[in-house]
Each structure stands twice: as structure tokens, then as C-alpha cells.
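For reference, input35.tsv (TSV, C-alpha atoms and all ligand atoms):
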chain	number	residue	atom	x	y	z
A	1	MET	CA	130.40	50.40	105.93
A	2	GLN	CA	127.00	49.06	106.99
A	3	ARG	CA	126.53	48.53	110.72
A	4	ALA	CA	123.78	47.14	112.91
A	5	CYS	CA	120.89	49.59	112.97
A	6	HIS	CA	119.92	50.98	116.38
A	7	PRO	CA	116.10	51.25	116.79
A	8	ALA	CA	116.37	55.05	117.12
A	9	LEU	CA	118.40	55.20	113.91
A	10	ALA	CA	115.93	52.93	112.09
A	11	HIS	CA	113.14	55.26	113.23
A	12	LEU	CA	115.00	58.32	111.86
A	13	LEU	CA	115.70	56.67	108.54
A	14	HIS	CA	112.04	55.61	108.32
A	15	ILE	CA	110.95	59.25	108.80
A	16	ARG	CA	113.59	60.37	106.28
A	17	ALA	CA	112.35	57.89	103.66
A	18	LYS	CA	108.93	59.59	103.77
A	19	MET	CA	110.33	63.15	103.75
A	20	GLU	CA	110.97	65.42	100.80
A	21	PRO	CA	112.81	67.66	100.37
A	22	LEU	CA	115.77	68.15	102.73
A	23	PRO	CA	115.40	70.88	105.38
A	24	SER	CA	116.30	74.30	104.02
A	25	LEU	CA	119.52	76.06	104.98
A	26	SER	CA	117.52	78.68	106.88
A	27	GLU	CA	115.71	75.96	108.89
A	28	VAL	CA	119.05	74.46	109.94
A	29	GLN	CA	120.43	77.88	110.84
A	30	SER	CA	117.31	78.81	112.77
A	31	VAL	CA	117.42	75.63	114.89
A	32	ALA	CA	121.15	76.15	115.52
A	33	ALA	CA	120.54	79.75	116.62
A	34	GLU	CA	118.01	78.61	119.23
A	35	HIS	CA	120.78	77.22	121.44
A	36	ALA	CA	121.85	80.75	122.38
A	37	VAL	CA	118.22	81.78	123.01
A	38	LEU	CA	117.67	78.76	125.25
A	39	ARG	CA	120.84	79.53	127.22
A	40	ALA	CA	119.73	83.14	127.75
A	41	ILE	CA	116.28	82.13	129.04
A	42	PHE	CA	117.77	79.57	131.42
A	43	GLN	CA	120.22	82.18	132.70
A	44	GLN	CA	117.32	84.58	133.29
A	45	HIS	CA	115.48	81.85	135.20
A	46	GLN	CA	118.51	81.19	137.42
A	47	GLU	CA	119.01	84.88	138.14
A	48	ALA	CA	115.37	85.11	139.28
A	49	LEU	CA	115.78	81.93	141.33
A	50	VAL	CA	118.82	83.16	143.29
A	51	GLY	CA	116.99	86.46	143.81
A	52	LEU	CA	114.10	84.46	145.36
A	53	LEU	CA	111.74	85.82	142.67
A	54	PHE	CA	109.88	82.55	142.45
A	55	VAL	CA	107.02	83.63	140.19
A	56	HIS	CA	109.48	84.95	137.60
A	57	ALA	CA	111.79	81.97	138.02
A	58	LEU	CA	108.92	79.55	137.35
A	59	ALA	CA	107.61	81.55	134.36
A	60	ASP	CA	111.10	81.63	132.80
A	61	LEU	CA	111.63	77.92	133.38
A	62	GLU	CA	108.24	77.08	131.83
A	63	GLU	CA	109.08	79.24	128.81
A	64	PHE	CA	112.45	77.49	128.56
A	65	ALA	CA	110.71	74.08	128.73
A	66	ARG	CA	108.22	74.97	125.98
A	67	ARG	CA	111.01	76.14	123.69
A	68	LEU	CA	113.29	73.21	124.44
A	69	HIS	CA	110.53	70.63	123.79
A	70	ARG	CA	109.75	72.35	120.47
A	71	HIS	CA	113.46	72.53	119.59
A	72	ILE	CA	113.90	68.81	120.24
A	73	ARG	CA	110.76	67.97	118.24
A	74	ILE	CA	112.02	69.88	115.20
A	75	GLU	CA	115.45	68.27	115.46
A	76	GLU	CA	113.90	64.80	115.62
A	77	LEU	CA	111.32	65.29	112.87
A	78	THR	CA	113.32	67.38	110.41
A	79	LEU	CA	117.06	67.63	111.07
A	80	LEU	CA	118.08	64.27	112.50
A	81	PRO	CA	116.34	62.16	109.83
A	82	ALA	CA	118.21	64.10	107.11
A	83	TYR	CA	121.46	63.90	109.08
A	84	ALA	CA	121.04	60.15	109.69
A	85	ALA	CA	120.84	59.60	105.94
A	86	LEU	CA	124.27	61.20	105.34
A	87	ALA	CA	127.26	58.96	104.83
A	88	ASP	CA	130.41	58.74	106.95
A	89	LEU	CA	129.05	60.18	110.18
A	90	PRO	CA	131.52	60.24	113.09
A	91	ARG	CA	131.03	57.71	115.89
A	92	THR	CA	130.79	60.53	118.43
A	93	GLY	CA	128.06	62.17	116.35
A	94	ALA	CA	125.92	59.09	115.78
A	95	PRO	CA	122.27	60.21	115.32
A	96	GLU	CA	120.96	57.66	117.82
A	97	PHE	CA	123.12	59.26	120.54
A	98	PHE	CA	121.35	62.56	120.01
A	99	ILE	CA	117.96	60.86	120.44
A	100	GLN	CA	119.09	59.08	123.62
A	101	GLU	CA	120.41	62.35	125.02
A	102	HIS	CA	117.12	64.09	124.22
A	103	ARG	CA	115.27	61.61	126.43
A	104	LYS	CA	117.75	62.19	129.30
A	105	ILE	CA	117.48	65.97	128.86
A	106	GLU	CA	113.66	65.75	128.97
A	107	GLU	CA	113.81	63.66	132.16
A	108	GLY	CA	116.15	66.20	133.76
A	109	LEU	CA	113.89	69.04	132.65
A	110	ASP	CA	110.82	67.38	134.22
A	111	ASP	CA	112.79	66.92	137.43
A	112	ILE	CA	113.83	70.56	137.72
A	113	LEU	CA	110.34	71.78	136.73
A	114	ASN	CA	108.88	69.67	139.54
A	115	GLY	CA	111.51	71.08	141.91
A	116	MET	CA	110.71	74.64	140.86
A	117	ARG	CA	106.95	74.12	141.26
A	118	SER	CA	107.43	72.78	144.79
A	119	ILE	CA	109.28	75.90	146.02
A	120	SER	CA	107.27	78.54	147.84
A	121	PRO	CA	108.33	81.56	149.90
A	122	GLY	CA	108.87	80.96	153.60
A	123	PRO	CA	111.09	79.01	155.97
A	124	GLY	CA	113.14	76.42	154.12
A	125	SER	CA	112.94	78.14	150.76
A	126	SER	CA	116.67	78.99	150.70
A	127	ARG	CA	117.52	75.34	151.30
A	128	ALA	CA	115.15	74.30	148.49
A	129	VAL	CA	116.75	76.84	146.16
A	130	VAL	CA	120.24	75.47	146.85
A	131	ALA	CA	119.00	71.90	146.21
A	132	LEU	CA	117.38	72.98	142.93
A	133	MET	CA	120.50	74.87	141.82
A	134	ASP	CA	122.52	71.67	142.34
A	135	LYS	CA	120.11	69.76	140.07
A	136	GLU	CA	120.22	72.57	137.54
A	137	THR	CA	124.03	72.48	137.44
A	138	ARG	CA	123.88	68.81	136.44
A	139	PHE	CA	121.14	69.53	133.90
A	140	LYS	CA	123.13	72.39	132.34
A	141	SER	CA	126.18	70.19	132.03
A	142	LEU	CA	124.14	67.49	130.22
A	143	LEU	CA	122.55	70.06	127.91
A	144	GLU	CA	125.84	71.84	127.15
A	145	HIS	CA	127.58	68.56	126.31
A	146	HIS	CA	124.73	67.73	123.92
A	147	GLU	CA	124.69	71.15	122.30
A	148	VAL	CA	128.45	71.18	121.76
A	149	ARG	CA	128.22	67.89	119.85
A	150	GLU	CA	125.33	69.17	117.76
A	151	GLU	CA	127.34	72.30	116.99
A	152	GLN	CA	130.39	70.21	116.07
A	153	ASP	CA	128.68	67.50	114.02
A	154	LEU	CA	124.96	67.86	113.34
A	155	PHE	CA	124.68	71.50	112.24
A	156	PRO	CA	127.91	71.82	110.18
A	157	ARG	CA	127.38	68.54	108.30
A	158	LEU	CA	123.75	69.28	107.60
A	159	THR	CA	124.58	72.85	106.58
A	160	ALA	CA	127.16	71.55	104.12
A	161	ALA	CA	124.64	69.06	102.71
A	162	VAL	CA	121.84	71.57	102.16
A	163	SER	CA	123.85	74.64	101.14
A	164	PRO	CA	123.31	75.90	97.59
A	165	GLY	CA	125.87	74.30	95.33
A	166	ALA	CA	126.50	71.36	97.66
A	167	SER	CA	127.40	68.29	95.69
A	168	ASN	CA	124.82	65.55	95.97
A	169	PRO	CA	125.71	64.13	99.41
A	170	SER	CA	126.36	60.45	99.44
A	171	ARG	CA	123.75	58.67	101.50
A	172	ARG	CA	123.76	55.63	103.63
A	173	THR	CA	121.24	52.94	102.83
A	174	ALA	CA	118.73	51.87	105.50
A	201	FE	FE	119.26	68.22	120.44
A	202	FE	FE	119.80	71.37	119.73
Structure rendered as C-alpha cells:
Amino acid sequence: MQRACHPALAHLLHIRAKMEPLPSLSEVQSVAAEHAVLRAIFQQHQEALVGLLFVHALADLEEFARRLHRHIRIEELTLLPAYAALADLPRTGAPEFFIQEHRKIEEGLDDILNGMRSISPGPGSSRAVVALMDKETRFKSLLEHHEVREEQDLFPRLTAAVSPGASNPSRRTA
């Protein structure tokens, strides 16, 4: 059933129309595997933060940010355009939702990076760490919610579409 096209969805389908071929199975699997790597780096950052090891905590968070930005870019340029072209996507897994969530995740990431960069050793640092941990708890919740939906909808459906022997997936029309 054709529905009104959200601007983010139109953008994805526009990219898809210019792309050939579909992402490979190993590309999809490699992007999916990055979720665990990202979680591990963020955990390492938080362990350094609660240990008041600010130099390490900042380095880990900056590494996390670099990887997350790259991860999002690959999803938006390669995976989501191919996913958006598949037929019968679930409402909860609409491709435009993933794009909207990416923008919220990037805003949250900028906020916690700014918070981390403003912390320095000395009086008041413990208070600043607690405030940053509160922000990070909200950020983690947003990111986990997003990742769970990608793991439920985006990766399995795309994997099925690009796996060897997959029947020609029916496609939506732009
Ligand atoms: Fe994502
Ligand atoms: Fe992801």
C-alpha cells in the first residue's frame, strides 16, 4: 500500500535509486557487529569516568563518538536506502524513524561530549561527574532503544534480502 512519503524516506529512496548493487551480506553483518563494539567502548569510558580518570574518559568518549558517527553514516548511505526500498516494512521499523533517531542520538552525543570536555580535576568535579552520568543514562537509553529496533527489523530484513539464494525481494516504488 502506498503511503505519503516522509522527506527522510524520499531522501533514502533517492540515494537507493542511484545505488547499485545492494550492500553485501558481510557489510550488513559488519555494521550489525559494531553495536557490541560501541557498547564496550562506552562502558570503558564510564568506568574511567567514575574512577575520575578524566583523560582516559575523554579519550574513550571521543573514540566512541568517531565510531558512532561513522556507523550512522554507513547506515544512512548504504543500509537504510536498501532497507527503505523493501516492501512490507513494519510501522515500528519505518526507515524515517531510524533517521530521526540518529539526529537525536547525535544531539545527545554532542551534549555529553561537551559535558565531558568541561570536567577538570578539583573541587566540584564529583558533582560534575554525577551530572554527566545522569545525562549519559538518558543517552544510553535512547541508543539502546534504537539499536534494539535495528536488531529486530533493519538487520534481519536486510540480511534476508541480500543473503545468497534470497528470492528477488519485492520492492516498494518511490
Ligand atoms: Fe542507527
Ligand atoms: Fe546501528
Using 7 Å as the limit and counting all atoms listed in the file, can you tabulate each residue of chain A that touches ligand FE 202 (chain A), with its shortest atom-to-atom distance in Å and the two atoms involved, as a tab-separated table?
residue	atom	partner	partner_atom	distance
A:Val31	CA	A:FE202	FE	6.9
A:Ala32	CA	A:FE202	FE	6.5
A:His35	CA	A:FE202	FE	6.2
A:His71	CA	A:FE202	FE	6.4
A:Ile72	CA	A:FE202	FE	6.5
A:Glu75	CA	A:FE202	FE	6.8
A:Glu147	CA	A:FE202	FE	5.5
A:Glu150	CA	A:FE202	FE	6.3
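Residue nearest ligand FE 201 (chain A) within the list A:Ala8, A:Ile74, A:Ala40, A:Met19: A:Ile74 [criterion: smallest interatomic distance, all atoms listed in the file].
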Would you work out the distance separating atom CA of A:Thr92 from atom CA of A:Val148, expressed in Å to one decimal? 11.4 Å
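Interatomic distance, atom CA of A:Leu9 against atom CA of A:Ala82: 11.2 Å.
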Considering only C-alpha atoms, can you say which of A:Leu79, A:Gly51, A:Phe139, A:Val129 comes closest to A:Pro21? A:Leu79
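Nearest to ligand FE 201 (chain A) of all the residues A:Pro90, A:Gly115, A:Pro95, A:Pro7 is A:Pro95, counting all atoms listed in the file.
Nearest residue to ligand FE 201 (chain A), choosing from A:Arg138, A:His146, A:Arg67, A:Arg103 and counting all atoms listed in the file: A:His146.
Nearest to ligand FE 201 (chain A) of all the residues A:Arg70, A:Leu132, A:Gly124, A:Leu113 is A:Arg70, based on only C-alpha atoms and all ligand atoms.
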Rounded to one decimal place, report the atom CA of A:Ala84-atom CA of A:Leu12 distance in Å. 6.7 Å
Residue nearest A:Leu77 - candidates A:Leu109, A:Leu52, A:Ile15, A:Ala59, atoms counted: all atoms listed in the file: A:Ile15
Within-12 Å shell of (120.9, 76.5, 103.4) in input frame, only C-alpha atoms, as a ChimeraX atom specification: /A:22-30,155-166
